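Enquirer: Pasting in a structure now, in structure tokens, and then I'll have a few things to ask.
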Amino acid sequence: MKASDWFRAVLILNSGFGDDVQLRDCFNDNGFYYFHHKHNYAKALEAFQSSKNYELQILCHMQLNDFSSLKKLIEEIPDSVDHRKLLDELGFYLESMGQCELACQSYEKTENFKRCVEACINLNVWDKALQYSQEHNYPQTEQLLQKQIAQGLAKPELSADHWRFVGCENRKEITGGGSSGEKLFL
């Protein structure tokens, strides 16, 4: 079937002929056409929204870098076993893009609280990591924080802001180097 035929099929099916499965398939095919052939992600998104194809809606939002719409979509995706893998993959993508809050929202929806804490630690959002670990009784957080601090010690290029955030004025306080009287945290 040619692309223009899918558009006509949607019009015919919307007028009462055919069933929901056929209509969903036509919307998906229209979305594929816009996504793959025209690279018009906004039009593809409209078609995928009509077909309730969450996976391809996510791809469109990724292409459009539309994180606020991804947040709404995470809330819209039903809590079911069918969508757990999709939400975990979305959380991983959002974590890789530095979107800690959205990644955690996605991980929380699948009740993957361990991954949520790890995402916060990987993105240096320490306060959220501690908050999530206390809320969900995740005792390994202290070990992960110590590991992250140890990795940070190996990176002398970290900024003064980073070291102030972890509770000291400079790197020497953590390593115990420098003049006497300085703190030693590890």
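For the structure tokens, the naming scheme is as follows: chains receive sequential letters (A, B, ...) according to their order of presentation, residues are indexed from 1 within each chain, and ligands are indexed from 1 in presentation order.
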List the neighbours of A:Ser80 out to 10 Å using only C-alpha atoms; skip same-chain residues closer than 4 positions along the sequence, and give me the result as a list of chain:residue names.
Expert: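 The contact residues come out as A:Arg84, A:Lys109, A:Thr110.
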Enquirer: Can you spit out the residues from that selection as a CSV table (one decimal), in the first residue's frame, using all heavy atoms?
Expert:
chain,number,residue,atom,x,y,z
A,84,ARG,N,6.7,-2.2,31.8
A,84,ARG,CA,7.8,-2.1,32.7
A,84,ARG,C,9.2,-2.0,31.9
A,84,ARG,O,9.9,-1.1,32.3
A,84,ARG,CB,7.9,-3.3,33.6
A,84,ARG,CG,6.8,-3.4,34.7
A,84,ARG,CD,7.0,-4.6,35.6
A,84,ARG,NE,8.0,-4.4,36.5
A,84,ARG,CZ,7.8,-3.9,37.7
A,84,ARG,NH1,6.6,-3.5,38.1
A,84,ARG,NH2,8.8,-3.7,38.6
A,109,LYS,N,7.9,4.4,38.6
A,109,LYS,CA,6.7,3.8,38.1
A,109,LYS,C,6.8,2.3,37.9
A,109,LYS,O,5.8,1.6,38.0
A,109,LYS,CB,6.3,4.4,36.7
A,109,LYS,CG,4.9,4.1,36.3
A,109,LYS,CD,4.3,5.3,35.7
A,109,LYS,CE,2.8,5.0,35.4
A,109,LYS,NZ,2.2,6.0,34.7
A,110,THR,N,8.0,1.8,37.7
A,110,THR,CA,8.2,0.3,37.6
A,110,THR,C,8.7,-0.2,39.0
A,110,THR,O,9.0,-1.4,39.0
A,110,THR,CB,9.3,0.0,36.6
A,110,THR,OG1,10.5,0.6,37.0
A,110,THR,CG2,8.9,0.5,35.2
Enquirer: Can you pull out the residues contacting A:Leu56? Cut-off 9 Å, using only C-alpha atoms, and skip same-chain residues under 5 positions away; I want them as a ChimeraX atom specification.
Expert: /A:28,31-32,44-45,48-49,61
Enquirer: May I ask for the distance between atom CA of A:Cys104 and atom CA of A:Ser51, given in Å to one decimal place?
Expert: 26.6 Å
Enquirer: Using only C-alpha atoms, which of the listed residues (A:Asp19, A:Lys52, A:Asn124, A:Phe67) sits closest to A:Met97?
Expert: A:Phe67
Enquirer: List the neighbours of A:Leu130 out to 12 Å using only C-alpha atoms; skip same-chain residues closer than 2 positions along the sequence, and give me the result as a PyMOL selection string.
Expert: chain A and resi 113-114+116-121+124-128+132-145
Enquirer: Find the spatial neighbours of A:Tyr41, counting only C-alpha atoms, within a cut-off of 7 Å - ignore same-chain residues fewer than 6 positions away - and output them as a list of chain:residue names.
Expert: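 Listing them by chain and then by number gives A:Tyr34, A:Phe35, A:Cys60, A:Gln63, A:Leu64.
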Enquirer: Neighbours of A:His83 within 12 Å (only C-alpha atoms; same-chain residues fewer than 6 positions away dropped), as a PDB file with N, CA and C atoms, in the first residue's frame?
Expert:
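Resulting contents of out38.pdb:
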ATOM      1  N   ASN A  53       0.478   4.324  20.750  1.00  0.00           N
ATOM      2  CA  ASN A  53       1.737   3.596  20.641  1.00  0.00           C
ATOM      3  C   ASN A  53       2.781   4.351  21.472  1.00  0.00           C
ATOM      4  N   TYR A  54       2.919   3.939  22.738  1.00  0.00           N
ATOM      5  CA  TYR A  54       3.775   4.665  23.680  1.00  0.00           C
ATOM      6  C   TYR A  54       5.240   4.604  23.301  1.00  0.00           C
ATOM      7  N   GLU A  55       5.695   3.463  22.831  1.00  0.00           N
ATOM      8  CA  GLU A  55       7.105   3.318  22.479  1.00  0.00           C
ATOM      9  C   GLU A  55       7.511   4.306  21.388  1.00  0.00           C
ATOM     10  N   ILE A  74       5.093   9.783  30.777  1.00  0.00           N
ATOM     11  CA  ILE A  74       5.395   8.824  31.846  1.00  0.00           C
ATOM     12  C   ILE A  74       4.174   8.668  32.746  1.00  0.00           C
ATOM     13  N   GLU A  76       1.113   9.167  31.855  1.00  0.00           N
ATOM     14  CA  GLU A  76       0.018   8.600  31.061  1.00  0.00           C
ATOM     15  C   GLU A  76       0.155   7.096  30.833  1.00  0.00           C
ATOM     16  N   ILE A  77       1.389   6.606  30.746  1.00  0.00           N
ATOM     17  CA  ILE A  77       1.598   5.180  30.471  1.00  0.00           C
ATOM     18  C   ILE A  77       1.025   4.362  31.625  1.00  0.00           C
ATOM     19  N   GLU A  89      13.705   1.332  30.156  1.00  0.00           N
ATOM     20  CA  GLU A  89      14.553   1.828  29.062  1.00  0.00           C
ATOM     21  C   GLU A  89      14.467   3.347  28.952  1.00  0.00           C
ATOM     22  N   LEU A  90      13.270   3.874  29.144  1.00  0.00           N
ATOM     23  CA  LEU A  90      13.101   5.330  29.120  1.00  0.00           C
ATOM     24  C   LEU A  90      13.886   5.959  30.265  1.00  0.00           C
ATOM     25  N   SER A 106      10.366   7.677  36.004  1.00  0.00           N
ATOM     26  CA  SER A 106      10.172   6.487  35.187  1.00  0.00           C
ATOM     27  C   SER A 106      10.517   5.221  35.973  1.00  0.00           C
ATOM     28  N   TYR A 107      11.637   5.243  36.695  1.00  0.00           N
ATOM     29  CA  TYR A 107      12.033   4.082  37.495  1.00  0.00           C
ATOM     30  C   TYR A 107      11.037   3.817  38.627  1.00  0.00           C
ATOM     31  N   LYS A 109       7.882   4.378  38.635  1.00  0.00           N
ATOM     32  CA  LYS A 109       6.658   3.797  38.089  1.00  0.00           C
ATOM     33  C   LYS A 109       6.779   2.280  37.935  1.00  0.00           C
ATOM     34  N   THR A 110       8.002   1.799  37.721  1.00  0.00           N
ATOM     35  CA  THR A 110       8.224   0.345  37.617  1.00  0.00           C
ATOM     36  C   THR A 110       8.666  -0.244  38.951  1.00  0.00           C
TER      37      THR A 110
END
